[in-house]
Structures are given as C-alpha cells and as structure tokens.
Amino acid sequence: GAMVVLAVMGVSVSALFFHGVYYANADPDSPGKSVGTNEAIIGTGNMLGPVGLGALAWTNAASALPYRVGGLAALAAGAIVLTLWLKRRKMAA
C-alpha cells in the first residue's frame with residue numbers, strides 16, 4: 001500500500017513540475033531562460049525535499065509526518081500552479 005502511495009505521489013509531483021514549468025511559468029518573451037531558471041529551482045527542491053522530509057522521520061522511520069507534509073506541499077504546489085494558470089488565462093482573454 002505504501003508503494004502505491006509513493007508511486008501516485010511521484011506521478012502527481014512530476015505532473016505538477018511539468019505543468020508548472022512549461023505552462024504556468026514560462027515567460028513568452030524568453031522561454032529558454034525562463035524554463036532553465038524554473039528547472040534549476042525544481043532541481044534544488046528535489047535535493048532539499050528528501051533532506052527535509054527525511055529529517056521529519058529522523059527518529060521514527062515509520063512516521064506518517066513526512067507523508068502528511070509531502071502531501072500538503074504537493075497540494076499547495078498544485079493550488080499555486082492552478083492560480084497562476086487561471087491568472088494567465090484571464091490576462092490572455
């Protein structure tokens with residue numbers, strides 16, 4: 001069961017990254033620079049995420065806290081991407 005949750009989280013986070021970088025945040029005037037900057041930020045987050053969530057489970061490897069924090073972070077990222085996307089659609093209309 002835990003592996004299914006991890007797989008679903010991985011797919012959802014990857015989708016958030018893709019949509020966040022290529023659709024919500026790409027600057028139409030300089031998409032290459034914009035996407036490169038966003039990828040660097042995502043890469044940094046990908047390094048810091050396991051460190052931060054690992055620290056939450058430091059004393060208890062079976063702790064549910066990293067899953068809760070990771071899930072909340074993914075939901076927050078989705079909400080932010082959705083907000084940016086809706087804002088861009090309003091500006092384009």
# chains A, B, ... in the order shown; residues from 1 in each chain; ligands from 1
call {"tool": "select_by_dssp", "arguments": {"residues": "chain A", "states": "alpha helix (DSSP H)", "output": "ChimeraX atom specification"}}
result
/A:2-19,31-56,65-92
call {"tool": "residues_around", "arguments": {"residues": "A:Gly78", "least_positions_apart": "2", "cutoff": "12 Å", "atoms": "only C-alpha atoms", "output": "JSON list (two decimals) with N, CA, C and O atoms, in the first residue's frame"}}
result
[["chain", "number", "residue", "atom", "x", "y", "z"],
["A", 12, "SER", "N", 2.08, 12.50, -9.54],
["A", 12, "SER", "CA", 1.42, 13.81, -9.38],
["A", 12, "SER", "C", 2.44, 14.94, -9.27],
["A", 12, "SER", "O", 2.26, 16.00, -9.85],
["A", 13, "VAL", "N", 3.52, 14.70, -8.56],
["A", 13, "VAL", "CA", 4.55, 15.74, -8.42],
["A", 13, "VAL", "C", 5.23, 15.98, -9.77],
["A", 13, "VAL", "O", 5.48, 17.14, -10.14],
["A", 14, "SER", "N", 5.51, 14.93, -10.52],
["A", 14, "SER", "CA", 6.10, 15.10, -11.85],
["A", 14, "SER", "C", 5.18, 15.90, -12.76],
["A", 14, "SER", "O", 5.63, 16.77, -13.50],
["A", 15, "ALA", "N", 3.88, 15.62, -12.69],
["A", 15, "ALA", "CA", 2.92, 16.37, -13.50],
["A", 15, "ALA", "C", 2.88, 17.82, -13.07],
["A", 15, "ALA", "O", 2.82, 18.72, -13.92],
["A", 16, "LEU", "N", 2.93, 18.08, -11.77],
["A", 16, "LEU", "CA", 2.96, 19.46, -11.29],
["A", 16, "LEU", "C", 4.19, 20.18, -11.80],
["A", 16, "LEU", "O", 4.12, 21.33, -12.22],
["A", 17, "PHE", "N", 5.34, 19.52, -11.76],
["A", 17, "PHE", "CA", 6.57, 20.14, -12.25],
["A", 17, "PHE", "C", 6.41, 20.50, -13.72],
["A", 17, "PHE", "O", 6.70, 21.62, -14.14],
["A", 18, "PHE", "N", 5.98, 19.53, -14.51],
["A", 18, "PHE", "CA", 5.88, 19.76, -15.95],
["A", 18, "PHE", "C", 4.93, 20.91, -16.26],
["A", 18, "PHE", "O", 5.28, 21.82, -16.99],
["A", 19, "HIS", "N", 3.74, 20.86, -15.70],
["A", 19, "HIS", "CA", 2.77, 21.90, -15.97],
["A", 19, "HIS", "C", 3.19, 23.24, -15.39],
["A", 19, "HIS", "O", 2.99, 24.29, -16.00],
["A", 20, "GLY", "N", 3.79, 23.21, -14.21],
["A", 20, "GLY", "CA", 4.24, 24.45, -13.58],
["A", 20, "GLY", "C", 5.33, 25.13, -14.37],
["A", 20, "GLY", "O", 5.34, 26.35, -14.53],
["A", 24, "ALA", "N", 2.54, 27.20, -16.78],
["A", 24, "ALA", "CA", 2.18, 28.30, -15.90],
["A", 24, "ALA", "C", 3.26, 29.36, -15.78],
["A", 24, "ALA", "O", 2.96, 30.54, -15.64],
["A", 71, "GLY", "N", 2.45, 15.50, 1.21],
["A", 71, "GLY", "CA", 1.14, 15.62, 0.56],
["A", 71, "GLY", "C", 0.62, 17.05, 0.60],
["A", 71, "GLY", "O", 0.10, 17.55, -0.39],
["A", 72, "LEU", "N", 0.76, 17.70, 1.75],
["A", 72, "LEU", "CA", 0.32, 19.09, 1.86],
["A", 72, "LEU", "C", 1.14, 20.00, 0.94],
["A", 72, "LEU", "O", 0.59, 20.91, 0.32],
["A", 73, "ALA", "N", 2.45, 19.73, 0.85],
["A", 73, "ALA", "CA", 3.29, 20.53, -0.04],
["A", 73, "ALA", "C", 2.87, 20.34, -1.50],
["A", 73, "ALA", "O", 2.82, 21.31, -2.27],
["A", 74, "ALA", "N", 2.55, 19.10, -1.88],
["A", 74, "ALA", "CA", 2.10, 18.84, -3.26],
["A", 74, "ALA", "C", 0.77, 19.53, -3.53],
["A", 74, "ALA", "O", 0.57, 20.11, -4.61],
["A", 75, "LEU", "N", -0.15, 19.49, -2.56],
["A", 75, "LEU", "CA", -1.43, 20.19, -2.74],
["A", 75, "LEU", "C", -1.22, 21.70, -2.84],
["A", 75, "LEU", "O", -1.86, 22.36, -3.66],
["A", 76, "ALA", "N", -0.33, 22.24, -2.02],
["A", 76, "ALA", "CA", -0.04, 23.68, -2.09],
["A", 76, "ALA", "C", 0.55, 24.04, -3.44],
["A", 76, "ALA", "O", 0.17, 25.05, -4.05],
["A", 80, "ILE", "N", -1.02, 26.63, -6.20],
["A", 80, "ILE", "CA", -0.27, 27.77, -6.72],
["A", 80, "ILE", "C", -0.21, 27.72, -8.25],
["A", 80, "ILE", "O", -0.44, 28.74, -8.92],
["A", 81, "VAL", "N", 0.06, 26.55, -8.81],
["A", 81, "VAL", "CA", 0.11, 26.41, -10.27],
["A", 81, "VAL", "C", -1.26, 26.71, -10.87],
["A", 81, "VAL", "O", -1.37, 27.41, -11.88],
["A", 82, "LEU", "N", -2.32, 26.22, -10.26],
["A", 82, "LEU", "CA", -3.66, 26.50, -10.75],
["A", 82, "LEU", "C", -3.96, 27.99, -10.72],
["A", 82, "LEU", "O", -4.51, 28.55, -11.67],
["A", 83, "THR", "N", -3.58, 28.65, -9.64],
["A", 83, "THR", "CA", -3.79, 30.10, -9.52],
["A", 83, "THR", "C", -3.05, 30.85, -10.62],
["A", 83, "THR", "O", -3.61, 31.74, -11.27],
["A", 84, "LEU", "N", -1.79, 30.48, -10.84],
["A", 84, "LEU", "CA", -1.01, 31.13, -11.90],
["A", 84, "LEU", "C", -1.62, 30.87, -13.28],
["A", 84, "LEU", "O", -1.68, 31.76, -14.12],
["A", 85, "TRP", "N", -2.07, 29.65, -13.50],
["A", 85, "TRP", "CA", -2.67, 29.30, -14.79],
["A", 85, "TRP", "C", -3.95, 30.08, -15.03],
["A", 85, "TRP", "O", -4.16, 30.61, -16.11]]
call {"tool": "residues_around", "arguments": {"residues": "A:Pro66", "least_positions_apart": "6", "cutoff": "8 Å", "atoms": "only C-alpha atoms", "output": "number ranges by chain"}}
result
A: 53-54, 56-57
call {"tool": "closest_residue", "arguments": {"among": "A:Asp29, A:Leu86, A:Ala40, A:Gly52", "to": "A:Leu65", "atoms": "only C-alpha atoms"}}
result
A:Gly52
call {"tool": "decode", "arguments": {"residues": "stretch 2-52 of chain A", "atoms": "N, CA and C atoms", "output": "PDB file, in the first residue's frame"}}
result
ATOM      1  N   ALA A   2       1.941   1.247   0.780  1.00  0.00           N
ATOM      2  CA  ALA A   2       2.801   2.435   0.848  1.00  0.00           C
ATOM      3  C   ALA A   2       3.466   2.705  -0.495  1.00  0.00           C
ATOM      4  N   MET A   3       3.806   1.646  -1.227  1.00  0.00           N
ATOM      5  CA  MET A   3       4.452   1.833  -2.526  1.00  0.00           C
ATOM      6  C   MET A   3       3.488   2.449  -3.537  1.00  0.00           C
ATOM      7  N   VAL A   4       2.219   2.091  -3.460  1.00  0.00           N
ATOM      8  CA  VAL A   4       1.222   2.682  -4.359  1.00  0.00           C
ATOM      9  C   VAL A   4       1.108   4.176  -4.079  1.00  0.00           C
ATOM     10  N   VAL A   5       1.072   4.530  -2.792  1.00  0.00           N
ATOM     11  CA  VAL A   5       1.002   5.948  -2.415  1.00  0.00           C
ATOM     12  C   VAL A   5       2.214   6.694  -2.949  1.00  0.00           C
ATOM     13  N   LEU A   6       3.396   6.108  -2.800  1.00  0.00           N
ATOM     14  CA  LEU A   6       4.613   6.760  -3.294  1.00  0.00           C
ATOM     15  C   LEU A   6       4.587   6.903  -4.815  1.00  0.00           C
ATOM     16  N   ALA A   7       4.099   5.887  -5.514  1.00  0.00           N
ATOM     17  CA  ALA A   7       4.023   5.968  -6.973  1.00  0.00           C
ATOM     18  C   ALA A   7       3.061   7.065  -7.404  1.00  0.00           C
ATOM     19  N   VAL A   8       1.904   7.145  -6.760  1.00  0.00           N
ATOM     20  CA  VAL A   8       0.930   8.175  -7.101  1.00  0.00           C
ATOM     21  C   VAL A   8       1.491   9.560  -6.791  1.00  0.00           C
ATOM     22  N   MET A   9       2.170   9.693  -5.649  1.00  0.00           N
ATOM     23  CA  MET A   9       2.789  10.985  -5.321  1.00  0.00           C
ATOM     24  C   MET A   9       3.839  11.352  -6.355  1.00  0.00           C
ATOM     25  N   GLY A  10       4.644  10.380  -6.783  1.00  0.00           N
ATOM     26  CA  GLY A  10       5.666  10.657  -7.791  1.00  0.00           C
ATOM     27  C   GLY A  10       5.079  11.124  -9.104  1.00  0.00           C
ATOM     28  N   VAL A  11       4.022  10.464  -9.551  1.00  0.00           N
ATOM     29  CA  VAL A  11       3.367  10.860 -10.798  1.00  0.00           C
ATOM     30  C   VAL A  11       2.764  12.249 -10.657  1.00  0.00           C
ATOM     31  N   SER A  12       2.077  12.503  -9.544  1.00  0.00           N
ATOM     32  CA  SER A  12       1.421  13.809  -9.381  1.00  0.00           C
ATOM     33  C   SER A  12       2.444  14.937  -9.271  1.00  0.00           C
ATOM     34  N   VAL A  13       3.524  14.703  -8.558  1.00  0.00           N
ATOM     35  CA  VAL A  13       4.551  15.741  -8.424  1.00  0.00           C
ATOM     36  C   VAL A  13       5.231  15.985  -9.767  1.00  0.00           C
ATOM     37  N   SER A  14       5.508  14.926 -10.518  1.00  0.00           N
ATOM     38  CA  SER A  14       6.104  15.105 -11.850  1.00  0.00           C
ATOM     39  C   SER A  14       5.179  15.905 -12.759  1.00  0.00           C
ATOM     40  N   ALA A  15       3.878  15.621 -12.687  1.00  0.00           N
ATOM     41  CA  ALA A  15       2.923  16.366 -13.496  1.00  0.00           C
ATOM     42  C   ALA A  15       2.881  17.824 -13.074  1.00  0.00           C
ATOM     43  N   LEU A  16       2.931  18.076 -11.772  1.00  0.00           N
ATOM     44  CA  LEU A  16       2.955  19.457 -11.291  1.00  0.00           C
ATOM     45  C   LEU A  16       4.189  20.182 -11.798  1.00  0.00           C
ATOM     46  N   PHE A  17       5.337  19.519 -11.764  1.00  0.00           N
ATOM     47  CA  PHE A  17       6.568  20.139 -12.252  1.00  0.00           C
ATOM     48  C   PHE A  17       6.413  20.501 -13.717  1.00  0.00           C
ATOM     49  N   PHE A  18       5.979  19.526 -14.512  1.00  0.00           N
ATOM     50  CA  PHE A  18       5.876  19.756 -15.954  1.00  0.00           C
ATOM     51  C   PHE A  18       4.931  20.906 -16.260  1.00  0.00           C
ATOM     52  N   HIS A  19       3.744  20.856 -15.697  1.00  0.00           N
ATOM     53  CA  HIS A  19       2.768  21.902 -15.975  1.00  0.00           C
ATOM     54  C   HIS A  19       3.194  23.238 -15.391  1.00  0.00           C
ATOM     55  N   GLY A  20       3.789  23.209 -14.208  1.00  0.00           N
ATOM     56  CA  GLY A  20       4.237  24.449 -13.580  1.00  0.00           C
ATOM     57  C   GLY A  20       5.328  25.134 -14.374  1.00  0.00           C
ATOM     58  N   VAL A  21       6.253  24.354 -14.899  1.00  0.00           N
ATOM     59  CA  VAL A  21       7.376  24.941 -15.632  1.00  0.00           C
ATOM     60  C   VAL A  21       6.975  25.335 -17.043  1.00  0.00           C
ATOM     61  N   TYR A  22       6.353  24.440 -17.755  1.00  0.00           N
ATOM     62  CA  TYR A  22       6.126  24.668 -19.171  1.00  0.00           C
ATOM     63  C   TYR A  22       4.856  25.431 -19.499  1.00  0.00           C
ATOM     64  N   TYR A  23       3.880  25.419 -18.621  1.00  0.00           N
ATOM     65  CA  TYR A  23       2.625  26.097 -18.940  1.00  0.00           C
ATOM     66  C   TYR A  23       2.384  27.321 -18.076  1.00  0.00           C
ATOM     67  N   ALA A  24       2.544  27.201 -16.784  1.00  0.00           N
ATOM     68  CA  ALA A  24       2.176  28.300 -15.896  1.00  0.00           C
ATOM     69  C   ALA A  24       3.262  29.359 -15.780  1.00  0.00           C
ATOM     70  N   ASN A  25       4.530  28.967 -15.844  1.00  0.00           N
ATOM     71  CA  ASN A  25       5.592  29.909 -15.523  1.00  0.00           C
ATOM     72  C   ASN A  25       6.489  30.301 -16.683  1.00  0.00           C
ATOM     73  N   ALA A  26       6.336  29.706 -17.841  1.00  0.00           N
ATOM     74  CA  ALA A  26       7.223  30.034 -18.954  1.00  0.00           C
ATOM     75  C   ALA A  26       6.942  31.460 -19.434  1.00  0.00           C
ATOM     76  N   ASP A  27       7.983  32.249 -19.481  1.00  0.00           N
ATOM     77  CA  ASP A  27       7.885  33.631 -19.941  1.00  0.00           C
ATOM     78  C   ASP A  27       7.861  33.640 -21.471  1.00  0.00           C
ATOM     79  N   PRO A  28       6.816  34.162 -22.075  1.00  0.00           N
ATOM     80  CA  PRO A  28       6.744  34.126 -23.545  1.00  0.00           C
ATOM     81  C   PRO A  28       7.850  34.920 -24.234  1.00  0.00           C
ATOM     82  N   ASP A  29       8.424  35.903 -23.555  1.00  0.00           N
ATOM     83  CA  ASP A  29       9.481  36.707 -24.175  1.00  0.00           C
ATOM     84  C   ASP A  29      10.818  35.984 -24.208  1.00  0.00           C
ATOM     85  N   SER A  30      11.118  35.165 -23.209  1.00  0.00           N
ATOM     86  CA  SER A  30      12.366  34.402 -23.186  1.00  0.00           C
ATOM     87  C   SER A  30      12.102  33.029 -22.562  1.00  0.00           C
ATOM     88  N   PRO A  31      11.413  32.137 -23.284  1.00  0.00           N
ATOM     89  CA  PRO A  31      11.039  30.854 -22.701  1.00  0.00           C
ATOM     90  C   PRO A  31      12.236  29.994 -22.303  1.00  0.00           C
ATOM     91  N   GLY A  32      13.330  30.042 -23.062  1.00  0.00           N
ATOM     92  CA  GLY A  32      14.502  29.239 -22.718  1.00  0.00           C
ATOM     93  C   GLY A  32      15.077  29.612 -21.370  1.00  0.00           C
ATOM     94  N   LYS A  33      15.263  30.906 -21.159  1.00  0.00           N
ATOM     95  CA  LYS A  33      15.794  31.381 -19.876  1.00  0.00           C
ATOM     96  C   LYS A  33      14.808  31.075 -18.748  1.00  0.00           C
ATOM     97  N   SER A  34      13.534  31.284 -19.004  1.00  0.00           N
ATOM     98  CA  SER A  34      12.508  31.050 -18.007  1.00  0.00           C
ATOM     99  C   SER A  34      12.460  29.589 -17.588  1.00  0.00           C
ATOM    100  N   VAL A  35      12.423  28.693 -18.565  1.00  0.00           N
ATOM    101  CA  VAL A  35      12.350  27.268 -18.267  1.00  0.00           C
ATOM    102  C   VAL A  35      13.637  26.807 -17.581  1.00  0.00           C
ATOM    103  N   GLY A  36      14.788  27.298 -18.015  1.00  0.00           N
ATOM    104  CA  GLY A  36      16.053  26.943 -17.362  1.00  0.00           C
ATOM    105  C   GLY A  36      16.087  27.366 -15.912  1.00  0.00           C
ATOM    106  N   THR A  37      15.631  28.571 -15.630  1.00  0.00           N
ATOM    107  CA  THR A  37      15.581  29.055 -14.252  1.00  0.00           C
ATOM    108  C   THR A  37      14.633  28.202 -13.427  1.00  0.00           C
ATOM    109  N   ASN A  38      13.462  27.910 -13.973  1.00  0.00           N
ATOM    110  CA  ASN A  38      12.488  27.095 -13.250  1.00  0.00           C
ATOM    111  C   ASN A  38      13.017  25.688 -12.998  1.00  0.00           C
ATOM    112  N   GLU A  39      13.706  25.103 -13.984  1.00  0.00           N
ATOM    113  CA  GLU A  39      14.275  23.768 -13.802  1.00  0.00           C
ATOM    114  C   GLU A  39      15.344  23.772 -12.704  1.00  0.00           C
ATOM    115  N   ALA A  40      16.137  24.840 -12.629  1.00  0.00           N
ATOM    116  CA  ALA A  40      17.149  24.933 -11.569  1.00  0.00           C
ATOM    117  C   ALA A  40      16.488  24.997 -10.193  1.00  0.00           C
ATOM    118  N   ILE A  41      15.393  25.733 -10.104  1.00  0.00           N
ATOM    119  CA  ILE A  41      14.674  25.831  -8.830  1.00  0.00           C
ATOM    120  C   ILE A  41      14.065  24.484  -8.463  1.00  0.00           C
ATOM    121  N   ILE A  42      13.485  23.803  -9.432  1.00  0.00           N
ATOM    122  CA  ILE A  42      12.904  22.482  -9.185  1.00  0.00           C
ATOM    123  C   ILE A  42      13.993  21.498  -8.769  1.00  0.00           C
ATOM    124  N   GLY A  43      15.138  21.542  -9.421  1.00  0.00           N
ATOM    125  CA  GLY A  43      16.256  20.666  -9.051  1.00  0.00           C
ATOM    126  C   GLY A  43      16.700  20.894  -7.618  1.00  0.00           C
ATOM    127  N   THR A  44      16.754  22.152  -7.220  1.00  0.00           N
ATOM    128  CA  THR A  44      17.118  22.463  -5.836  1.00  0.00           C
ATOM    129  C   THR A  44      16.077  21.898  -4.876  1.00  0.00           C
ATOM    130  N   GLY A  45      14.801  22.065  -5.218  1.00  0.00           N
ATOM    131  CA  GLY A  45      13.737  21.498  -4.391  1.00  0.00           C
ATOM    132  C   GLY A  45      13.801  19.982  -4.325  1.00  0.00           C
ATOM    133  N   ASN A  46      14.172  19.349  -5.454  1.00  0.00           N
ATOM    134  CA  ASN A  46      14.300  17.893  -5.469  1.00  0.00           C
ATOM    135  C   ASN A  46      15.435  17.411  -4.573  1.00  0.00           C
ATOM    136  N   MET A  47      16.435  18.234  -4.369  1.00  0.00           N
ATOM    137  CA  MET A  47      17.509  17.861  -3.446  1.00  0.00           C
ATOM    138  C   MET A  47      17.120  18.139  -1.998  1.00  0.00           C
ATOM    139  N   LEU A  48      16.442  19.255  -1.767  1.00  0.00           N
ATOM    140  CA  LEU A  48      16.097  19.636  -0.399  1.00  0.00           C
ATOM    141  C   LEU A  48      14.904  18.853   0.159  1.00  0.00           C
ATOM    142  N   GLY A  49      14.004  18.410  -0.720  1.00  0.00           N
ATOM    143  CA  GLY A  49      12.821  17.671  -0.278  1.00  0.00           C
ATOM    144  C   GLY A  49      13.157  16.416   0.510  1.00  0.00           C
ATOM    145  N   PRO A  50      13.977  15.517  -0.039  1.00  0.00           N
ATOM    146  CA  PRO A  50      14.319  14.313   0.725  1.00  0.00           C
ATOM    147  C   PRO A  50      15.061  14.615   2.027  1.00  0.00           C
ATOM    148  N   VAL A  51      15.864  15.656   2.016  1.00  0.00           N
ATOM    149  CA  VAL A  51      16.566  16.028   3.245  1.00  0.00           C
ATOM    150  C   VAL A  51      15.565  16.503   4.299  1.00  0.00           C
ATOM    151  N   GLY A  52      14.663  17.384   3.886  1.00  0.00           N
ATOM    152  CA  GLY A  52      13.678  17.914   4.835  1.00  0.00           C
ATOM    153  C   GLY A  52      12.719  16.856   5.336  1.00  0.00           C
TER     154      GLY A  52
END
